[in-house]
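Worksheet: the structure to be examined is printed underneath.
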Number of protein chains: 2
Amino acid sequence: MKRNLLLTPGPTHVPPQLCAVLGKPIIHHRTPQFQAYLKEAMEGLQFILQTKAEVYLMAASGTGAMEASVSSLLSEGDHVITVESGKFGERWTNLCKAFKAVPTVISIEWGKTVTAADVEKALKADPSIKAVYVTLCETSTGSAPDLKSIGAVVKKSNAVLVVDAVSGLAVVDLKMDEWGIDVVASGSHKGFMLPPGLAFVAVSEKAKKLMETSTAPKFYFDLRKYAKVASKPDTPFTPAIGIVIALTESIRMIKEVGLEKLFAHFTRLANGVRAGAKGLGLELYTHESALSNVLTAIKVPDGIDGGKIVKIMRDTYGISVAGGQGDVKGKIIRIAHMGALDEYDILTGLSCLEKVLKELGYKFELGSGVAAAQKYFNQTA
Amino acid sequence: MKRNLLLTPGPTHVPPQLCAVLGKPIIHHRTPQFQAYLKEAMEGLQFILQTKAEVYLMAASGTGAMEASVSSLLSEGDHVITVESGKFGERWTNLCKAFKAVPTVISIEWGKTVTAADVEKALKADPSIKAVYVTLCETSTGSAPDLKSIGAVVKKSNAVLVVDAVSGLAVVDLKMDEWGIDVVASGSHKGFMLPPGLAFVAVSEKAKKLMETSTAPKFYFDLRKYAKVASKPDTPFTPAIGIVIALTESIRMIKEVGLEKLFAHFTRLANGVRAGAKGLGLELYTHESALSNVLTAIKVPDGIDGGKIVKIMRDTYGISVAGGQGDVKGKIIRIAHMGALDEYDILTGLSCLEKVLKELGYKFELGSGVAAAQKYFNQTA
């Protein structure tokens, strides 16, 4: 039987405990029985987000939550800031344009990340900015901004700070209230170890004021509809019942570990992957100052096609990693370390990478990547 | 252990065969492995819809598919016709207004349904009509229009015919191509016996032309994005992987029965429920000429609260039916007969209804509803 190991940045591996819940018969959603699950899911997400803000759940993939964070806050002609340091930052720009907002785009070289100073400068240049759209982990490059310092800057302005945390929530820290983040958009299929299909948006009081005046056309993603029934708790449209129920179990598993230990675990896995890459003589793609602990982007050796590495690892050996997108297509591979993974999964992934690199003619000592990662893992708890 | 029987109009009962598939580990969606499932799901839906039209799949509940059928076809100021004969018809109107189209509303008394003549009259009154929005089964009242004759009328005009088939697809016949239906919006959690979270839209060539000129703001539900990658096959955003895979199994189960036998099965269940209601001395809410085979709406006896019936059946005995909405809240109950149900499920539901009616003081001979349904079932294959 071929292994099915997902080291991909979403969907992530669904552990057997959650598969079992997903395989249970479902119940009707307009019942006290389901309301108990919905309440637990909403409160659980508040725990992960470290916030008192309401969290709205909808059947959609992560982009649905991002759209809700645009169409529910903005009106035609509104000025906003978007940060483009990869594919997912570009999505914020495209979403804002689709709903006829006017973005000032902070364009960052791929592999690097935006700073609080960049955001402050853009905010000062246009005091009419209504919202700043950033990304917790830019999955296409493995970069992450310092949201705490960006939050401190945006908090002083009239704008709200909106974070795409589809990739990285429940993997790295995100203190919504303390850092001054107004809106977080995320989904079920990354840090929460569940299939895609459930999205959610948390909204601060400051952002709720924008919701009240927003006139962009919307219906399914109209967060006012969600806010109206959230306290029951209920959802305006049929929720992804099965995944909501499984989310309560996922959050119970996360709580059992505790947030601090959880984030330390993924930092350790990230460092292990980086040690492994170094052991193989490979360079990281992402700039040292911008490294995210959600996934690691590694440059492939000259003359080898990264797409081929991904294809052989997956189709021949059953181990999925991601390739590069856009300009770095074929030039990088991306190994995600989020969800239900441990150090042995990382060693498995590195070992398979070594096997395929050998097949493709890269010169190195077999075992050197795995050994380097092992050494790192054995030095840390 | 309490029974968990869903005789509700969505979600419906998920049979163990499909629970088992939903409990399997998931795979990544940008892989040949998933593409094979996606292709099978798309072709399977074409089989159910009896169409050559492309079918686009998205992570959303049914309303998402409805929104896609509005925002992807229309532009601000476009004239459309909507039919309101219950809650779900009203949703078409609200969706069209949200995206700044101008609906001519054909208002029908609840429990009755629109006719081809009504639609023809409205089309003749305004030749600029771009689209006609109707409902396969108006779930709030148990009514169904004759889509074949409506299709014949709309086909002769410049307008496209759009059907909300969330409730009723794979339960009653819908010959998309033969009847001249241009767009069908539906979802996973009714006739397909799956959890909610997967929506889909089928689009004819006539409707695709509208898609090309539509300027309503949209992004996640922009069907042009889906059309662009459908032939790969791929989806523009992360699909509801788990439910797509389970859908292929659901469609295999349906194909094994065959469409003709499947529709006859639900007609028989519908007639059984009606016979049971009559046996209890209860009247149907829906007008004789408008009866849908998807669900049956029954008037509750004078002096008894329909809401109480629903609550006791569900919370005390584990059998879920639906109550009335809007003006008929407390005055009707709705028993759905779609998905993985057989005559014994119907008898179970009727038996529980009898038990609760007795508790609430309705005078009748215990067993008379079940016996009447049994007699009907025993007379038919």
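Chain identifiers are assigned as A, B, and so on, following the order in which chains appear in the structure tokens; residues are numbered from 1 within each chain, and ligands are numbered from 1 in order of appearance.
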Open item on the list: Please return, as a PyMOL selection string, all residues of stretch 10-72 of chain B that DSSP assigns to strand (DSSP E or B) on the basis of the backbone.
Closed with: chain B and resi 54-60
Those residues you just picked out, can you put them in a file as a short mmCIF file (atom, residue, chain, number, x, y, z; two decimals), in the first residue's frame with C-alpha atoms?
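So again-v2.cif came out as:
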data_model
loop_
_atom_site.label_atom_id
_atom_site.label_comp_id
_atom_site.auth_asym_id
_atom_site.auth_seq_id
_atom_site.Cartn_x
_atom_site.Cartn_y
_atom_site.Cartn_z
CA GLU B 54 -20.62 21.80 -18.16
CA VAL B 55 -21.06 21.47 -14.40
CA TYR B 56 -18.97 23.63 -12.05
CA LEU B 57 -18.30 22.49 -8.48
CA MET B 58 -17.60 24.78 -5.55
CA ALA B 59 -17.30 24.55 -1.78
CA ALA B 60 -20.51 26.25 -0.58
#
Do you have, as a Markdown table, the list of residues of chain A lying at most 8 Å from chain B, each with its nearest atom pair and that distance in Å to one decimal, counting only C-alpha atoms and ordered by chain then number?
| residue | atom | partner | partner_atom | distance |
| --- | --- | --- | --- | --- |
| A:Asn4 | CA | B:Ile27 | CA | 7.4 |
| A:Leu6 | CA | B:His28 | CA | 7.4 |
| A:Thr8 | CA | B:His28 | CA | 7.8 |
| A:Gly10 | CA | B:His28 | CA | 7.7 |
| A:Pro11 | CA | B:His28 | CA | 6.1 |
| A:His13 | CA | B:Ile26 | CA | 7.4 |
| A:Val14 | CA | B:Pro25 | CA | 6.0 |
| A:Pro15 | CA | B:Pro25 | CA | 7.6 |
| A:Pro16 | CA | B:Pro25 | CA | 7.6 |
| A:Cys19 | CA | B:Gly23 | CA | 4.6 |
| A:Ala20 | CA | B:Gly23 | CA | 5.6 |
| A:Val21 | CA | B:Gly23 | CA | 7.2 |
| A:Leu22 | CA | B:Gly23 | CA | 5.1 |
| A:Gly23 | CA | B:Gly23 | CA | 3.8 |
| A:Lys24 | CA | B:Cys19 | CA | 6.1 |
| A:Pro25 | CA | B:Val14 | CA | 6.0 |
| A:Ile26 | CA | B:Val14 | CA | 6.8 |
| A:Ile27 | CA | B:Asn4 | CA | 7.4 |
| A:His28 | CA | B:Pro11 | CA | 6.1 |
| A:His29 | CA | B:Pro11 | CA | 7.9 |
| A:Met58 | CA | B:Ala60 | CA | 7.7 |
| A:Ala59 | CA | B:Ala60 | CA | 4.6 |
| A:Ala60 | CA | B:Ala60 | CA | 4.6 |
| A:Ser61 | CA | B:Ala59 | CA | 5.8 |
| A:Gly62 | CA | B:Thr238 | CA | 7.8 |
| A:Thr63 | CA | B:Tyr220 | CA | 6.7 |
| A:Gly64 | CA | B:Tyr220 | CA | 6.1 |
| A:Glu67 | CA | B:Tyr220 | CA | 7.0 |
| A:Leu95 | CA | B:Phe219 | CA | 6.5 |
| A:Ala98 | CA | B:Pro217 | CA | 5.7 |
| A:Phe99 | CA | B:Pro217 | CA | 5.4 |
| A:Lys100 | CA | B:Pro217 | CA | 7.7 |
| A:Pro195 | CA | B:Gly242 | CA | 6.2 |
| A:Pro196 | CA | B:Ala240 | CA | 5.2 |
| A:Gly197 | CA | B:Ala240 | CA | 4.8 |
| A:Leu198 | CA | B:Gly197 | CA | 7.6 |
| A:Pro217 | CA | B:Phe99 | CA | 5.4 |
| A:Lys218 | CA | B:Ala98 | CA | 6.1 |
| A:Phe219 | CA | B:Ala98 | CA | 6.4 |
| A:Tyr220 | CA | B:Gly64 | CA | 6.1 |
| A:Phe237 | CA | B:Ser61 | CA | 7.0 |
| A:Thr238 | CA | B:Ser61 | CA | 5.9 |
| A:Pro239 | CA | B:Pro196 | CA | 6.7 |
| A:Ala240 | CA | B:Gly197 | CA | 4.8 |
| A:Ile241 | CA | B:Pro196 | CA | 6.4 |
| A:Gly242 | CA | B:Pro195 | CA | 6.2 |
| A:Ser320 | CA | B:His28 | CA | 7.8 |
TODO: Just the residues within 7 Å of B:Thr135, please, counting only C-alpha atoms, with nothing from its chain fewer than 2 positions along; format it as a ChimeraX atom specification.
DONE: /B:89,137-138,163-165
TODO: Tell me, in Å to one decimal, how far atom CA of A:Ser167 is from atom CA of A:Leu262.
DONE: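 Separation between atom CA of A:Ser167 and atom CA of A:Leu262: 15.4 Å.
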Open item on the list: Quick check, in Å to one decimal: how far apart do atom CA of B:Val370 and atom CA of B:Gly281 lie?
Closed with: 12.1 Å
- [ ] Report the distance between atom CA of B:Gln46 and atom CA of B:Thr93 in Å, rounded to one decimal place.
- [x] 27.2 Å
- [ ] Fewer than 2 positions away in the same chain doesn't count, so skip those; otherwise give me all residues within 12 Å of B:Ala290, counting only C-alpha atoms, as a VMD selection string.
- [x] chain B and resid 85 108 to 115 136 to 138 141 to 147 284 to 288 292 to 297
Task: Among listed residues A:Leu38, A:Asp78, A:Val162, A:Ala230, nearest A:Glu249 (using only C-alpha atoms) - done: A:Leu38
Task: For B:Glu178, the nearest of the candidates B:Ser231, B:Thr248, B:Ser214, B:Gln50, counting only C-alpha atoms - done: B:Gln50
Task: Residue nearest B:Gly86 among B:Gln325, B:Thr267, B:Thr316, B:Ser140 (counting only C-alpha atoms) - done: B:Ser140
Excluding stretch 330-334 of chain B and residues on its chain fewer than 5 positions from it, collect all residues at most 6 Å away from it, counting only C-alpha atoms, and give them as an mmCIF file with C-alpha atoms, in the first residue's frame.
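This went into around-v7.cif:
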data_model
loop_
_atom_site.group_PDB
_atom_site.id
_atom_site.type_symbol
_atom_site.label_atom_id
_atom_site.label_comp_id
_atom_site.auth_asym_id
_atom_site.auth_seq_id
_atom_site.Cartn_x
_atom_site.Cartn_y
_atom_site.Cartn_z
ATOM 1 C CA THR B 296 -45.122 16.654 1.706
ATOM 2 C CA ALA B 297 -46.539 19.547 3.715
ATOM 3 C CA ILE B 298 -49.360 18.531 6.057
ATOM 4 C CA LYS B 299 -51.705 20.847 7.966
ATOM 5 C CA VAL B 300 -51.624 20.187 11.702
ATOM 6 C CA ASP B 305 -48.820 23.661 17.604
ATOM 7 C CA GLY B 306 -46.860 22.228 14.690
ATOM 8 C CA GLY B 307 -43.643 23.483 16.251
ATOM 9 C CA ALA B 322 -39.567 20.170 9.505
ATOM 10 C CA GLY B 323 -42.077 22.744 10.712
ATOM 11 C CA GLY B 324 -43.649 25.632 8.854
#
- [ ] Name the closest residue to B:Ala125 among the candidates B:Ile81, B:Ala372, B:Leu357, B:Leu73; distances are taken between atoms, counting only C-alpha atoms.
- [x] B:Ile81
